[in-house]
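K.L.:
Here it is: the structure, laid out below.
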Amino acid sequence: MAKTAYDIIRKPIITEKSMNATAEKKYTFKVDADANKIEIKNAVETIFGVKVAKVSTMNVLGKFKRMGVHIGKRPDWKKAIVKLTEDSKTIEFFDGMN
């Protein structure tokens with residue numbers, strides 16, 4: 001079954017560091033763990049109607065958490081930082097967050 005653009009881009013990551021990077025046209029997303037850079041680029045261009053210059057990805061390991069004597073682990077996930085081209089418009093979703 002083919003993945004849609006909305007299956008690849010899970011949700012935006014809204015942190016102080018990621019908001020500061022929006023000035024350089026860099027946007028951070030939580031993405032599908034199996035997605036590659038080309039799929040992420042195409043998904044962002046499809047959903048937001050922008051031009052992507054570069055995609056950086058990283059696998060984030062889940063933290064270990066304790067509840068009394070029980071030890072659990074949060075799931076691992078994948079993060080993508082997408083850099084837009086100079087002539088591309090910005091992603092409006094992030095504009096209201098600053």
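Just remember, in the structure tokens the first chain shown is A, the second B, etc., residues are 1-based per chain, and ligands are 1-based in the order shown.
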As a PyMOL selection string, please: every residue in chain A that a backbone DSSP assignment puts in strand (DSSP E).
P.N.:
chain A and resi 9-12+26-31+52-60+64-67+70-73+77-84
K.L.:
Can you check which residues of chain A DSSP gives as helix (DSSP H, G or I) on the backbone and send them as a list in words?
P.N.:
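Going through chain A, the helix (DSSP H, G or I) residues come out as Ala5, Tyr6, Asp7, Ile8, Glu16, Lys17, Ser18, Met19, Asn20, Ala21, Thr22, Ala23, Glu24, Lys37, Ile38, Glu39, Ile40, Lys41, Asn42, Ala43, Val44, Glu45, Thr46, Ile47, Phe48, Glu92, Phe93, Phe94 and Asp95 of chain A.
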K.L.:
Would you put the residues from that selection into a file with C-alpha atoms, as an mmCIF file, in the first residue's frame?
P.N.:
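See again_28.cif below for the written result:
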data_model
loop_
_atom_site.group_PDB
_atom_site.id
_atom_site.type_symbol
_atom_site.label_atom_id
_atom_site.label_comp_id
_atom_site.auth_asym_id
_atom_site.auth_seq_id
_atom_site.Cartn_x
_atom_site.Cartn_y
_atom_site.Cartn_z
ATOM 1 C CA ALA A 5 2.133 12.654 2.058
ATOM 2 C CA TYR A 6 0.111 12.812 5.286
ATOM 3 C CA ASP A 7 1.348 9.358 6.313
ATOM 4 C CA ILE A 8 4.960 10.489 5.920
ATOM 5 C CA GLU A 16 12.109 27.146 21.030
ATOM 6 C CA LYS A 17 15.064 25.867 18.987
ATOM 7 C CA SER A 18 12.914 24.882 15.996
ATOM 8 C CA MET A 19 11.091 28.248 16.066
ATOM 9 C CA ASN A 20 14.419 30.121 15.963
ATOM 10 C CA ALA A 21 15.410 28.081 12.885
ATOM 11 C CA THR A 22 12.320 29.274 10.964
ATOM 12 C CA ALA A 23 14.129 32.580 10.361
ATOM 13 C CA GLU A 24 16.557 30.587 8.160
ATOM 14 C CA LYS A 37 14.756 11.975 2.346
ATOM 15 C CA ILE A 38 13.220 11.949 -1.137
ATOM 16 C CA GLU A 39 9.816 10.897 0.215
ATOM 17 C CA ILE A 40 9.980 13.575 2.931
ATOM 18 C CA LYS A 41 10.915 16.256 0.373
ATOM 19 C CA ASN A 42 8.032 15.296 -1.931
ATOM 20 C CA ALA A 43 5.565 15.167 0.984
ATOM 21 C CA VAL A 44 6.475 18.647 2.266
ATOM 22 C CA GLU A 45 6.302 20.106 -1.249
ATOM 23 C CA THR A 46 2.891 18.484 -1.804
ATOM 24 C CA ILE A 47 1.307 19.462 1.520
ATOM 25 C CA PHE A 48 2.616 23.030 1.874
ATOM 26 C CA GLU A 92 2.140 29.661 7.002
ATOM 27 C CA PHE A 93 1.480 27.188 9.831
ATOM 28 C CA PHE A 94 4.732 28.174 11.536
ATOM 29 C CA ASP A 95 4.353 31.938 10.949
#
K.L.:
Between A:His70, A:Lys89, A:Lys3, A:Lys11, which one has atoms that come closest to Val52 in chain A, using only C-alpha atoms?
P.N.:
A:Lys89
K.L.:
Excluding Pro12 in chain A and any residue of its chain fewer than 3 positions from it, enumerate the residues within 10 Å of it, using only C-alpha atoms, and give them as a list in words.
P.N.:
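Returned residues: Ile9, Thr15, Ser18, Tyr27, Thr28, Phe29, Lys30, Val31, Lys79, Ala80, Phe93 and Phe94 of chain A.
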K.L.:
Quick one: pull the distance between CA of Lys51 in chain A and CA of Ile13 in chain A, Å, one decimal.
P.N.:
19.5 Å
K.L.:
With only C-alpha atoms as the counted atoms, please give the residues lying no more than 9 Å from Trp77 in chain A, apart from itself and same-chain residues fewer than 5 positions off, as a CSV table (one decimal) with N, CA and C atoms, in the first residue's frame.
P.N.:
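Listed below is the output, result.csv:
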chain,number,residue,atom,x,y,z
A,30,LYS,N,8.1,15.7,12.8
A,30,LYS,CA,8.2,14.3,13.1
A,30,LYS,C,7.7,13.5,11.9
A,31,VAL,N,8.5,12.5,11.4
A,31,VAL,CA,8.1,11.8,10.2
A,31,VAL,C,8.1,10.3,10.4
A,32,ASP,N,7.5,9.6,9.5
A,32,ASP,CA,7.5,8.2,9.5
A,32,ASP,C,8.9,7.6,9.6
A,33,ALA,N,9.1,6.6,10.4
A,33,ALA,CA,10.4,6.0,10.6
A,33,ALA,C,11.0,5.4,9.4
A,58,MET,N,17.2,12.5,11.3
A,58,MET,CA,17.9,11.8,12.4
A,58,MET,C,16.9,10.9,13.1
A,59,ASN,N,17.4,9.8,13.6
A,59,ASN,CA,16.6,8.9,14.4
A,59,ASN,C,16.8,9.3,15.9
A,60,VAL,N,15.7,9.5,16.6
A,60,VAL,CA,15.7,9.9,18.0
A,60,VAL,C,15.3,8.7,18.8
A,61,LEU,N,16.2,8.3,19.8
A,61,LEU,CA,15.9,7.2,20.6
A,61,LEU,C,15.0,7.6,21.8
A,62,GLY,N,14.0,6.7,22.1
A,62,GLY,CA,13.0,7.0,23.1
A,62,GLY,C,13.7,6.9,24.5
K.L.:
May I ask for the distance between CA of Thr85 in chain A and CA of Val55 in chain A, given in Å to one decimal place?
P.N.:
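For CA of Thr85 in chain A relative to CA of Val55 in chain A, the distance reads 11.2 Å.
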K.L.:
Rounded to one decimal, what separation in Å do you get between CA of Ala53 in chain A and CA of Ala2 in chain A?
P.N.:
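CA of Ala2 in chain A lies 24.4 Å from CA of Ala53 in chain A.
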